[in-house]
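*Asks:* Pasting query.pdb below, which is PDB, C-alpha atoms and all ligand atoms.
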```pdb
MODEL        1
ATOM      1  CA  MET J 460      85.411 106.180 132.145  1.00  0.00           C
ATOM      2  CA  SER J 461      82.580 105.074 129.873  1.00  0.00           C
ATOM      3  CA  ALA J 462      79.375 107.085 129.689  1.00  0.00           C
ATOM      4  CA  LEU J 463      76.496 106.267 132.004  1.00  0.00           C
ATOM      5  CA  LEU J 464      74.125 105.868 129.061  1.00  0.00           C
ATOM      6  CA  GLU J 465      75.012 105.786 125.417  1.00  0.00           C
ATOM      7  CA  LEU J 466      72.695 105.600 122.417  1.00  0.00           C
ATOM      8  CA  LYS J 467      74.428 104.830 119.140  1.00  0.00           C
ATOM      9  CA  ASN J 468      72.763 105.204 115.749  1.00  0.00           C
ATOM     10  CA  LEU J 469      69.314 104.567 117.142  1.00  0.00           C
ATOM     11  CA  THR J 470      66.691 104.198 114.419  1.00  0.00           C
ATOM     12  CA  VAL J 471      63.022 103.572 115.147  1.00  0.00           C
ATOM     13  CA  ARG J 472      60.294 102.905 112.604  1.00  0.00           C
ATOM     14  CA  ARG J 473      56.569 102.664 112.993  1.00  0.00           C
ATOM     15  CA  GLY J 474      55.201 100.618 110.135  1.00  0.00           C
ATOM     16  CA  GLN J 475      56.490 102.176 106.926  1.00  0.00           C
ATOM     17  CA  LYS J 476      57.461 105.434 108.588  1.00  0.00           C
ATOM     18  CA  THR J 477      60.928 106.112 109.999  1.00  0.00           C
ATOM     19  CA  LEU J 478      60.459 108.281 113.092  1.00  0.00           C
ATOM     20  CA  PHE J 479      64.122 109.092 113.645  1.00  0.00           C
ATOM     21  CA  ARG J 480      67.308 107.737 112.220  1.00  0.00           C
ATOM     22  CA  ASN J 481      70.830 107.366 113.615  1.00  0.00           C
ATOM     23  CA  PHE J 482      70.126 109.252 116.834  1.00  0.00           C
ATOM     24  CA  ASN J 483      73.169 109.497 119.107  1.00  0.00           C
ATOM     25  CA  LEU J 484      73.361 110.506 122.727  1.00  0.00           C
ATOM     26  CA  SER J 485      75.977 110.133 125.415  1.00  0.00           C
ATOM     27  CA  LEU J 486      75.172 110.930 129.022  1.00  0.00           C
ATOM     28  CA  LYS J 487      77.766 111.077 131.790  1.00  0.00           C
ATOM     29  CA  ASN J 488      77.208 110.867 135.528  1.00  0.00           C
ATOM     30  CA  GLY J 489      75.274 113.949 136.649  1.00  0.00           C
ATOM     31  CA  GLU J 490      75.009 115.311 133.097  1.00  0.00           C
ATOM     32  CA  LYS J 491      71.820 116.966 131.887  1.00  0.00           C
ATOM     33  CA  VAL J 492      70.360 116.912 128.377  1.00  0.00           C
ATOM     34  CA  ILE J 493      67.158 118.338 126.975  1.00  0.00           C
ATOM     35  CA  ILE J 494      65.552 116.566 124.029  1.00  0.00           C
ATOM     36  CA  ALA J 495      63.352 118.952 122.106  1.00  0.00           C
ATOM     37  CA  GLY J 496      61.389 118.611 118.901  1.00  0.00           C
ATOM     38  CA  PRO J 497      57.907 119.189 117.490  1.00  0.00           C
ATOM     39  CA  ASN J 498      54.829 117.162 118.403  1.00  0.00           C
ATOM     40  CA  GLY J 499      54.720 113.738 116.842  1.00  0.00           C
ATOM     41  CA  VAL J 500      58.425 113.589 115.973  1.00  0.00           C
ATOM     42  CA  GLY J 501      58.986 110.620 118.276  1.00  0.00           C
ATOM     43  CA  LYS J 502      60.197 111.986 121.629  1.00  0.00           C
ATOM     44  CA  THR J 503      57.972 109.706 123.710  1.00  0.00           C
ATOM     45  CA  THR J 504      58.820 106.829 121.394  1.00  0.00           C
ATOM     46  CA  LEU J 505      62.519 107.509 122.008  1.00  0.00           C
ATOM     47  CA  ALA J 506      61.942 107.382 125.781  1.00  0.00           C
ATOM     48  CA  GLU J 507      60.017 104.110 125.441  1.00  0.00           C
ATOM     49  CA  THR J 508      62.787 102.730 123.240  1.00  0.00           C
ATOM     50  CA  ILE J 509      65.423 103.474 125.891  1.00  0.00           C
ATOM     51  CA  LEU J 510      63.298 101.467 128.324  1.00  0.00           C
ATOM     52  CA  GLY J 511      63.004  98.551 125.909  1.00  0.00           C
ATOM     53  CA  PHE J 512      59.397  98.934 124.792  1.00  0.00           C
ATOM     54  CA  ASN J 513      60.029  99.356 121.048  1.00  0.00           C
ATOM     55  CA  PRO J 514      61.948  97.477 118.401  1.00  0.00           C
ATOM     56  CA  PHE J 515      64.936  99.520 117.231  1.00  0.00           C
ATOM     57  CA  GLU J 516      68.117  99.439 115.205  1.00  0.00           C
ATOM     58  CA  GLY J 517      71.359 100.648 116.727  1.00  0.00           C
ATOM     59  CA  GLU J 518      72.967 100.154 120.098  1.00  0.00           C
ATOM     60  CA  ILE J 519      72.275 101.069 123.716  1.00  0.00           C
ATOM     61  CA  PHE J 520      74.951 100.880 126.411  1.00  0.00           C
ATOM     62  CA  PHE J 521      74.747 101.402 130.162  1.00  0.00           C
ATOM     63  CA  LYS J 522      78.180 101.978 131.736  1.00  0.00           C
ATOM     64  CA  GLY J 523      79.701 100.338 128.682  1.00  0.00           C
ATOM     65  CA  ARG J 524      77.512  97.240 128.995  1.00  0.00           C
ATOM     66  CA  PRO J 525      75.419  96.479 125.882  1.00  0.00           C
ATOM     67  CA  ILE J 526      71.669  96.461 126.496  1.00  0.00           C
ATOM     68  CA  LYS J 527      69.980  94.054 124.116  1.00  0.00           C
ATOM     69  CA  GLY J 528      67.542  91.474 125.424  1.00  0.00           C
ATOM     70  CA  GLU J 529      64.632  91.719 127.850  1.00  0.00           C
ATOM     71  CA  LYS J 530      66.890  90.803 130.796  1.00  0.00           C
ATOM     72  CA  ASP J 531      69.191  93.769 130.026  1.00  0.00           C
ATOM     73  CA  PHE J 532      66.238  96.160 129.698  1.00  0.00           C
ATOM     74  CA  LYS J 533      64.770  94.922 132.973  1.00  0.00           C
ATOM     75  CA  PHE J 534      68.094  95.864 134.583  1.00  0.00           C
ATOM     76  CA  LEU J 535      68.182  99.211 132.745  1.00  0.00           C
ATOM     77  CA  ARG J 536      64.673 100.044 133.995  1.00  0.00           C
ATOM     78  CA  THR J 537      65.995  99.880 137.574  1.00  0.00           C
ATOM     79  CA  LYS J 538      68.664 102.447 136.634  1.00  0.00           C
ATOM     80  CA  VAL J 539      66.566 104.812 134.508  1.00  0.00           C
ATOM     81  CA  GLY J 540      63.620 106.352 136.343  1.00  0.00           C
ATOM     82  CA  TYR J 541      60.933 107.133 133.758  1.00  0.00           C
ATOM     83  CA  ILE J 542      58.382 109.845 134.484  1.00  0.00           C
ATOM     84  CA  PHE J 543      55.501 109.334 132.046  1.00  0.00           C
ATOM     85  CA  GLN J 544      54.050 112.135 129.925  1.00  0.00           C
ATOM     86  CA  ASN J 545      50.695 111.642 131.683  1.00  0.00           C
ATOM     87  CA  PRO J 546      50.912 111.283 135.502  1.00  0.00           C
ATOM     88  CA  ASP J 547      47.590 109.417 135.547  1.00  0.00           C
ATOM     89  CA  ASP J 548      49.396 106.548 133.779  1.00  0.00           C
ATOM     90  CA  GLN J 549      51.917 106.401 136.612  1.00  0.00           C
ATOM     91  CA  LEU J 550      49.811 106.680 139.759  1.00  0.00           C
ATOM     92  CA  PHE J 551      47.590 103.934 141.080  1.00  0.00           C
ATOM     93  CA  MET J 552      47.868 103.772 144.885  1.00  0.00           C
ATOM     94  CA  PRO J 553      45.130 105.262 147.144  1.00  0.00           C
ATOM     95  CA  THR J 554      47.332 107.797 148.973  1.00  0.00           C
ATOM     96  CA  VAL J 555      50.432 109.842 148.200  1.00  0.00           C
ATOM     97  CA  TRP J 556      52.399 108.149 150.977  1.00  0.00           C
ATOM     98  CA  GLU J 557      51.558 104.664 149.621  1.00  0.00           C
ATOM     99  CA  GLU J 558      52.385 105.843 146.116  1.00  0.00           C
ATOM    100  CA  LEU J 559      55.840 106.999 147.218  1.00  0.00           C
ATOM    101  CA  ALA J 560      56.388 103.820 149.242  1.00  0.00           C
ATOM    102  CA  PHE J 561      55.397 101.412 146.456  1.00  0.00           C
ATOM    103  CA  GLY J 562      58.694 101.372 144.542  1.00  0.00           C
ATOM    104  CA  PRO J 563      61.109 100.876 147.455  1.00  0.00           C
ATOM    105  CA  GLN J 564      58.687  98.391 149.076  1.00  0.00           C
ATOM    106  CA  ASN J 565      58.781  96.390 145.869  1.00  0.00           C
ATOM    107  CA  LEU J 566      62.565  96.514 145.902  1.00  0.00           C
ATOM    108  CA  GLY J 567      62.424  94.987 149.392  1.00  0.00           C
ATOM    109  CA  PHE J 568      63.839  97.833 151.486  1.00  0.00           C
ATOM    110  CA  PRO J 569      63.126  97.872 155.242  1.00  0.00           C
ATOM    111  CA  GLN J 570      60.373 100.181 156.526  1.00  0.00           C
ATOM    112  CA  GLU J 571      62.839 102.558 158.168  1.00  0.00           C
ATOM    113  CA  GLU J 572      64.742 103.094 154.904  1.00  0.00           C
ATOM    114  CA  ILE J 573      61.464 103.564 152.996  1.00  0.00           C
ATOM    115  CA  GLU J 574      60.301 106.268 155.410  1.00  0.00           C
ATOM    116  CA  LYS J 575      63.669 107.997 155.194  1.00  0.00           C
ATOM    117  CA  ARG J 576      63.485 108.022 151.385  1.00  0.00           C
ATOM    118  CA  ILE J 577      59.897 109.313 151.330  1.00  0.00           C
ATOM    119  CA  ASN J 578      60.660 112.157 153.722  1.00  0.00           C
ATOM    120  CA  ARG J 579      63.727 113.122 151.705  1.00  0.00           C
ATOM    121  CA  VAL J 580      61.747 113.176 148.462  1.00  0.00           C
ATOM    122  CA  LEU J 581      58.853 115.161 149.986  1.00  0.00           C
ATOM    123  CA  GLU J 582      61.409 117.753 151.079  1.00  0.00           C
ATOM    124  CA  LEU J 583      63.259 117.745 147.769  1.00  0.00           C
ATOM    125  CA  LEU J 584      60.081 118.373 145.759  1.00  0.00           C
ATOM    126  CA  ASN J 585      58.658 120.743 148.330  1.00  0.00           C
ATOM    127  CA  ILE J 586      55.448 118.702 148.672  1.00  0.00           C
ATOM    128  CA  LYS J 587      55.389 117.733 152.357  1.00  0.00           C
ATOM    129  CA  HIS J 588      51.822 119.083 152.532  1.00  0.00           C
ATOM    130  CA  LEU J 589      50.650 116.353 150.117  1.00  0.00           C
ATOM    131  CA  LYS J 590      51.852 113.287 152.019  1.00  0.00           C
ATOM    132  CA  ASP J 591      48.490 112.200 153.459  1.00  0.00           C
ATOM    133  CA  ARG J 592      46.340 113.215 150.497  1.00  0.00           C
ATOM    134  CA  THR J 593      44.219 110.843 148.424  1.00  0.00           C
ATOM    135  CA  THR J 594      45.928 110.451 145.072  1.00  0.00           C
ATOM    136  CA  PHE J 595      42.872 110.797 142.847  1.00  0.00           C
ATOM    137  CA  ASN J 596      41.898 114.116 144.471  1.00  0.00           C
ATOM    138  CA  LEU J 597      45.164 115.795 143.564  1.00  0.00           C
ATOM    139  CA  SER J 598      45.378 118.512 140.929  1.00  0.00           C
ATOM    140  CA  PHE J 599      47.223 117.697 137.696  1.00  0.00           C
ATOM    141  CA  GLY J 600      50.300 119.588 138.885  1.00  0.00           C
ATOM    142  CA  GLU J 601      50.276 117.841 142.258  1.00  0.00           C
ATOM    143  CA  LYS J 602      49.985 114.480 140.480  1.00  0.00           C
ATOM    144  CA  ARG J 603      52.979 115.423 138.347  1.00  0.00           C
ATOM    145  CA  LEU J 604      55.102 116.102 141.423  1.00  0.00           C
ATOM    146  CA  VAL J 605      54.005 112.876 143.093  1.00  0.00           C
ATOM    147  CA  SER J 606      54.811 110.933 139.912  1.00  0.00           C
ATOM    148  CA  ILE J 607      58.337 112.403 139.993  1.00  0.00           C
ATOM    149  CA  GLY J 608      58.492 111.539 143.692  1.00  0.00           C
ATOM    150  CA  CYS J 609      57.564 107.894 143.265  1.00  0.00           C
ATOM    151  CA  VAL J 610      60.391 107.472 140.767  1.00  0.00           C
ATOM    152  CA  LEU J 611      62.852 109.285 143.051  1.00  0.00           C
ATOM    153  CA  THR J 612      62.158 107.006 146.029  1.00  0.00           C
ATOM    154  CA  MET J 613      63.617 104.155 143.944  1.00  0.00           C
ATOM    155  CA  GLU J 614      66.819 106.206 143.614  1.00  0.00           C
ATOM    156  CA  PRO J 615      67.548 105.595 139.918  1.00  0.00           C
ATOM    157  CA  GLU J 616      70.854 106.831 138.464  1.00  0.00           C
ATOM    158  CA  ILE J 617      69.213 108.588 135.520  1.00  0.00           C
ATOM    159  CA  LEU J 618      65.935 110.474 135.382  1.00  0.00           C
ATOM    160  CA  LEU J 619      64.014 110.412 132.118  1.00  0.00           C
ATOM    161  CA  LEU J 620      61.164 112.901 132.181  1.00  0.00           C
ATOM    162  CA  ASP J 621      58.629 113.243 129.370  1.00  0.00           C
ATOM    163  CA  GLU J 622      57.283 116.811 129.192  1.00  0.00           C
ATOM    164  CA  PRO J 623      57.070 117.201 132.982  1.00  0.00           C
ATOM    165  CA  SER J 624      56.140 120.895 132.926  1.00  0.00           C
ATOM    166  CA  ASN J 625      53.174 120.613 130.561  1.00  0.00           C
ATOM    167  CA  GLY J 626      49.859 121.863 131.897  1.00  0.00           C
ATOM    168  CA  LEU J 627      51.157 122.954 135.300  1.00  0.00           C
ATOM    169  CA  ASP J 628      50.017 125.982 137.279  1.00  0.00           C
ATOM    170  CA  LEU J 629      52.826 128.421 138.136  1.00  0.00           C
ATOM    171  CA  LYS J 630      53.386 127.180 141.686  1.00  0.00           C
ATOM    172  CA  ASN J 631      53.892 123.558 140.637  1.00  0.00           C
ATOM    173  CA  TRP J 632      55.806 124.578 137.489  1.00  0.00           C
ATOM    174  CA  LYS J 633      58.290 126.308 139.788  1.00  0.00           C
ATOM    175  CA  ARG J 634      58.525 123.254 142.035  1.00  0.00           C
ATOM    176  CA  VAL J 635      59.386 121.099 139.004  1.00  0.00           C
ATOM    177  CA  ARG J 636      61.843 123.711 137.676  1.00  0.00           C
ATOM    178  CA  ASP J 637      63.518 124.134 141.066  1.00  0.00           C
ATOM    179  CA  PHE J 638      63.897 120.394 141.444  1.00  0.00           C
ATOM    180  CA  LEU J 639      65.441 120.041 137.975  1.00  0.00           C
ATOM    181  CA  GLN J 640      67.765 122.962 138.656  1.00  0.00           C
ATOM    182  CA  THR J 641      69.126 121.415 141.843  1.00  0.00           C
ATOM    183  CA  THR J 642      69.172 117.660 141.225  1.00  0.00           C
ATOM    184  CA  GLU J 643      72.592 116.056 141.034  1.00  0.00           C
ATOM    185  CA  LYS J 644      71.342 113.081 139.046  1.00  0.00           C
ATOM    186  CA  ALA J 645      71.898 112.609 135.334  1.00  0.00           C
ATOM    187  CA  VAL J 646      68.753 113.825 133.543  1.00  0.00           C
ATOM    188  CA  ILE J 647      67.227 113.367 130.123  1.00  0.00           C
ATOM    189  CA  LEU J 648      64.453 115.925 129.891  1.00  0.00           C
ATOM    190  CA  ILE J 649      62.004 115.782 127.015  1.00  0.00           C
ATOM    191  CA  THR J 650      60.358 119.153 126.640  1.00  0.00           C
ATOM    192  CA  HIS J 651      59.441 121.951 124.296  1.00  0.00           C
ATOM    193  CA  ASP J 652      58.634 124.354 127.132  1.00  0.00           C
ATOM    194  CA  LYS J 653      60.670 127.412 126.043  1.00  0.00           C
ATOM    195  CA  GLU J 654      60.601 129.018 129.475  1.00  0.00           C
ATOM    196  CA  LEU J 655      61.885 125.852 131.089  1.00  0.00           C
ATOM    197  CA  ILE J 656      64.622 125.442 128.457  1.00  0.00           C
ATOM    198  CA  GLN J 657      65.711 129.069 128.948  1.00  0.00           C
ATOM    199  CA  SER J 658      65.606 128.794 132.692  1.00  0.00           C
ATOM    200  CA  LEU J 659      67.680 125.589 132.899  1.00  0.00           C
ATOM    201  CA  ARG J 660      70.330 126.458 130.280  1.00  0.00           C
ATOM    202  CA  TRP J 661      71.119 122.797 129.668  1.00  0.00           C
ATOM    203  CA  LYS J 662      72.450 121.284 126.480  1.00  0.00           C
ATOM    204  CA  VAL J 663      69.607 120.877 123.961  1.00  0.00           C
ATOM    205  CA  VAL J 664      69.470 118.074 121.404  1.00  0.00           C
ATOM    206  CA  TYR J 665      66.801 118.291 118.699  1.00  0.00           C
ATOM    207  CA  LEU J 666      65.023 115.191 117.569  1.00  0.00           C
ATOM    208  CA  THR J 667      64.102 115.596 113.941  1.00  0.00           C
ATOM    209  CA  ASN J 668      62.812 113.374 111.187  1.00  0.00           C
ATOM    210  CA  LEU J 669      63.997 115.829 108.547  1.00  0.00           C
ATOM    211  CA  SER J 670      67.093 113.836 107.610  1.00  0.00           C
ATOM    212  CA  LEU J 671      68.133 113.608 103.979  1.00  0.00           C
ATOM    213  CA  GLU J 672      67.368 109.873 103.995  1.00  0.00           C
ATOM    214  CA  ASN J 673      63.881 110.554 105.334  1.00  0.00           C
ATOM    215  CA  LEU J 674      63.173 113.184 102.701  1.00  0.00           C
ATOM    216  CA  ILE J 675      64.243 110.743  99.974  1.00  0.00           C
ATOM    217  CA  GLU J 676      62.117 108.019 101.594  1.00  0.00           C
ATOM    218  CA  GLN J 677      59.087 110.327 101.754  1.00  0.00           C
ATOM    219  CA  GLN J 678      59.564 111.362  98.124  1.00  0.00           C
ATOM    220  CA  THR J 679      59.859 107.716  97.106  1.00  0.00           C
ATOM    221  CA  ASN J 680      56.706 106.838  99.045  1.00  0.00           C
ATOM    222  CA  THR J 681      54.738 109.692  97.491  1.00  0.00           C
ATOM    223  CA  GLY J 682      55.955 108.821  93.989  1.00  0.00           C
ATOM    224  CA  LEU J 683      58.028 112.011  93.629  1.00  0.00           C
ATOM    225  CA  ARG J 684      61.063 109.939  92.752  1.00  0.00           C
TER     226      ARG J 684
HETATM  227  N1  LIG J 701      51.353 103.004 119.722  1.00  0.00           N
HETATM  228  C1  LIG J 701      51.525 103.630 118.566  1.00  0.00           C
HETATM  229  N2  LIG J 701      51.241 103.000 117.391  1.00  0.00           N
HETATM  230  C2  LIG J 701      51.422 103.596 116.213  1.00  0.00           C
HETATM  231  N3  LIG J 701      51.871 104.871 116.077  1.00  0.00           N
HETATM  232  C3  LIG J 701      52.152 105.546 117.194  1.00  0.00           C
HETATM  233  C4  LIG J 701      52.000 104.985 118.507  1.00  0.00           C
HETATM  234  N4  LIG J 701      52.377 105.912 119.411  1.00  0.00           N
HETATM  235  C5  LIG J 701      52.759 106.991 118.716  1.00  0.00           C
HETATM  236  N5  LIG J 701      52.635 106.787 117.394  1.00  0.00           N
HETATM  237  C6  LIG J 701      52.986 107.711 116.319  1.00  0.00           C
HETATM  238  O1  LIG J 701      54.398 107.843 116.333  1.00  0.00           O
HETATM  239  C7  LIG J 701      54.775 109.188 116.106  1.00  0.00           C
HETATM  240  C8  LIG J 701      55.615 109.707 117.252  1.00  0.00           C
HETATM  241  O2  LIG J 701      54.841 109.811 118.423  1.00  0.00           O
HETATM  242  P1  LIG J 701      55.436 110.276 119.808  1.00  0.00           P
HETATM  243  O3  LIG J 701      56.639 109.486 120.116  1.00  0.00           O
HETATM  244  O4  LIG J 701      54.317 110.233 120.797  1.00  0.00           O
HETATM  245  O5  LIG J 701      55.865 111.782 119.487  1.00  0.00           O
HETATM  246  P2  LIG J 701      56.166 113.019 120.463  1.00  0.00           P
HETATM  247  O6  LIG J 701      56.328 112.476 121.832  1.00  0.00           O
HETATM  248  O7  LIG J 701      57.417 113.628 119.906  1.00  0.00           O
HETATM  249  O8  LIG J 701      55.005 113.945 120.343  1.00  0.00           O
HETATM  250  C9  LIG J 701      53.492 109.976 115.904  1.00  0.00           C
HETATM  251  O9  LIG J 701      53.299 110.095 114.519  1.00  0.00           O
HETATM  252  C10 LIG J 701      52.437 109.105 116.549  1.00  0.00           C
HETATM  253  O10 LIG J 701      51.204 109.299 115.936  1.00  0.00           O
HETATM  254 MG    MG J 702      55.359 112.825 123.581  1.00  0.00          MG
ENDMDL
END
```
If you convert what's in this file into structure tokens, what do you get?
*Replies:*
Amino acid sequence: MSALLELKNLTVRRGQKTLFRNFNLSLKNGEKVIIAGPNGVGKTTLAETILGFNPFEGEIFFKGRPIKGEKDFKFLRTKVGYIFQNPDDQLFMPTVWEELAFGPQNLGFPQEEIEKRINRVLELLNIKHLKDRTTFNLSFGEKRLVSIGCVLTMEPEILLLDEPSNGLDLKNWKRVRDFLQTTEKAVILITHDKELIQSLRWKVVYLTNLSLENLIEQQTNTGLR
């Protein structure tokens, strides 16, 4: 069976600079991968590229189907649930309940199904106590959990989380860790949280711009060659 998601020789540039070159990743159903790497290396850019928000070279496949044009990426965005690095960029509804309902409502599910999904997600993330809260009053950690929740209610096949444990208090850090530890979905987790990496024991892929080609390019640009 073909992989759920496959990235082949993905290269992304920003202006003159090559962020990463020939990045490969293959993710099977239920498989988990951590993408680590220093600040500024291009982890968020990689996530945005998977969702079709950046020009790139290389190939992206979902279940063997090539993802190329805007129509393909629109389809891919229904399969890959993206949890933004900053939860404030994700949340915009007045209450937690409405926030969690927004996605499935938009997908046209009946009210009964929406309520079932919300209750399941509240349980899964251990945040039942937040369901009637006003979104903008939540703490950063609570917002993080709700932002994971509003992606989960759309039931994507892959979760793509960008540094979800950053800046969390211990209680909410544990909620995020426990969720990641128990989810059966395929997950791409961008993080450099050492404790989280140690605790999950998932495969780690490093994103680096220290390729030989990049070093030569940098030397050429700085006149060293
Ligand atoms: N919208 C943008 N326009 C131009 N450069 C950007 C933009 N966003 C990020 N960058 C640059 O691209 C590089 C990679 O950024 P990013 O993907 O956010 O890295 P990471 O998530 O690994 O910290 C950085 O050098 C950053 O300054
Ligand atoms: Mg980032």
*Asks:* Please return as a VMD selection string the residues found within 9 Å of ligand MG 702 (chain J), counting all atoms listed in the file.
*Replies:* chain J and resid 498 to 504 506 544 621 to 622 649 to 650
*Asks:* When you count only C-alpha atoms, which of these residues is closest to Lys575 in chain J: J:Asp548, J:Thr641, J:Leu648, J:Met613?
*Replies:*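 Of all the options, J:Met613 lies closest to Lys575 in chain J.
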*Asks:* Could you give me, as a PDB file with C-alpha atoms, in the coordinates of the input, the residues within 12 Å of Glu516 in chain J, counting all atoms listed in the file and dropping anything in the same chain fewer than 6 positions from it?
*Replies:*
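Everything below was put into around39.pdb:
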```
ATOM      1  CA  LEU J 466      72.695 105.600 122.417  1.00  0.00           C
ATOM      2  CA  LYS J 467      74.428 104.830 119.140  1.00  0.00           C
ATOM      3  CA  ASN J 468      72.763 105.204 115.749  1.00  0.00           C
ATOM      4  CA  LEU J 469      69.314 104.567 117.142  1.00  0.00           C
ATOM      5  CA  THR J 470      66.691 104.198 114.419  1.00  0.00           C
ATOM      6  CA  VAL J 471      63.022 103.572 115.147  1.00  0.00           C
ATOM      7  CA  ARG J 472      60.294 102.905 112.604  1.00  0.00           C
ATOM      8  CA  THR J 477      60.928 106.112 109.999  1.00  0.00           C
ATOM      9  CA  LEU J 478      60.459 108.281 113.092  1.00  0.00           C
ATOM     10  CA  PHE J 479      64.122 109.092 113.645  1.00  0.00           C
ATOM     11  CA  ARG J 480      67.308 107.737 112.220  1.00  0.00           C
ATOM     12  CA  ASN J 481      70.830 107.366 113.615  1.00  0.00           C
ATOM     13  CA  PHE J 482      70.126 109.252 116.834  1.00  0.00           C
ATOM     14  CA  ASN J 483      73.169 109.497 119.107  1.00  0.00           C
ATOM     15  CA  LEU J 505      62.519 107.509 122.008  1.00  0.00           C
ATOM     16  CA  THR J 508      62.787 102.730 123.240  1.00  0.00           C
ATOM     17  CA  ILE J 509      65.423 103.474 125.891  1.00  0.00           C
ATOM     18  CA  LYS J 527      69.980  94.054 124.116  1.00  0.00           C
TER      19      LYS J 527
END
```
*Asks:* Rank J:Ile542, J:Val610, J:Leu535, J:Leu550 by their smallest atom-to-atom distance to Ile647 in chain J, using all atoms listed in the file, and report the top residue only.
*Replies:*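 Residue with the minimum atom-to-atom distance to Ile647 in chain J: J:Ile542.
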*Asks:* Name the residues that the PyMOL selection byres (((chain J and resi 644) around 10) and not hetatm) picks from the file above, as a ChimeraX atom specification, using the file's chain letters and numbers.
*Replies:* /J:487-491,614-618,639,641-643,645-647
*Asks:* Just so the selection is clear, what residues does the PyMOL selection byres (((chain J and resi 630-637) around 8) and not hetatm) cover here, as a VMD selection string?
*Replies:* chain J and resid 584 to 585 600 to 601 604 623 to 624 627 to 629 638 to 641 655 659
*Asks:* Starting from the displayed file, determine the output of the PyMOL selection byres (((chain J and resi 574) around 12) and not hetatm) and express the residue list as a PyMOL selection string.
*Replies:* chain J and resi 556-557+559-561+563-564+568-573+575-581+590+612
*Asks:* Find the axis-aligned box for range 505-510 of chain J, covering all its listed atoms and adding 6 Å on each side, and write its centre and edge lengths in Å to one decimal as lines of an AutoDock Vina configuration file.
*Replies:*
```
center_x = 62.7
center_y = 104.5
center_z = 125.2
size_x = 17.4
size_y = 18.0
size_z = 18.3
```
*Asks:* Just checking: using all atoms listed in the file, which residue out of J:Arg603, J:Lys662, J:His651, J:Arg592 ends up closest to ligand LIG 701 (chain J)?
*Replies:* J:His651
*Asks:* With distances taken over only C-alpha atoms, which of J:Leu510, J:Cys609, J:Asn545, J:Gly540 is nearest to Gly528 in chain J?
*Replies:* J:Leu510
*Asks:* Take CA of Ile494 in chain J and CA of Pro514 in chain J and report the distance between them in Å, one decimal.
*Replies:* 20.2 Å
*Asks:* Taking all atoms listed in the file into account, which of J:Leu597, J:Leu666, J:Ile519, J:Val539 comes nearest ligand LIG 701 (chain J)?
*Replies:*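 Checking each candidate against ligand LIG 701 (chain J), we get J:Leu666 as the closest.
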*Asks:* Using only C-alpha atoms and all ligand atoms, which of J:Glu529, J:Glu582, J:Glu507, J:Glu518 sits nearest ligand LIG 701 (chain J)?
*Replies:*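 Looking only at the distances to ligand LIG 701 (chain J), the closest residue turns out to be J:Glu507.
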*Asks:* Separation of CA of Asp652 in chain J and CA of Gly496 in chain J, in Å?
*Replies:*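 Computed distance, CA of Asp652 in chain J to CA of Gly496 in chain J, equals 10.4 Å.
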*Asks:* Quote the spacing between CA of Ala495 in chain J and CA of Lys530 in chain J in Å to one decimal place.
*Replies:*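 Calculated distance between CA of Ala495 in chain J and CA of Lys530 in chain J is 29.7 Å.
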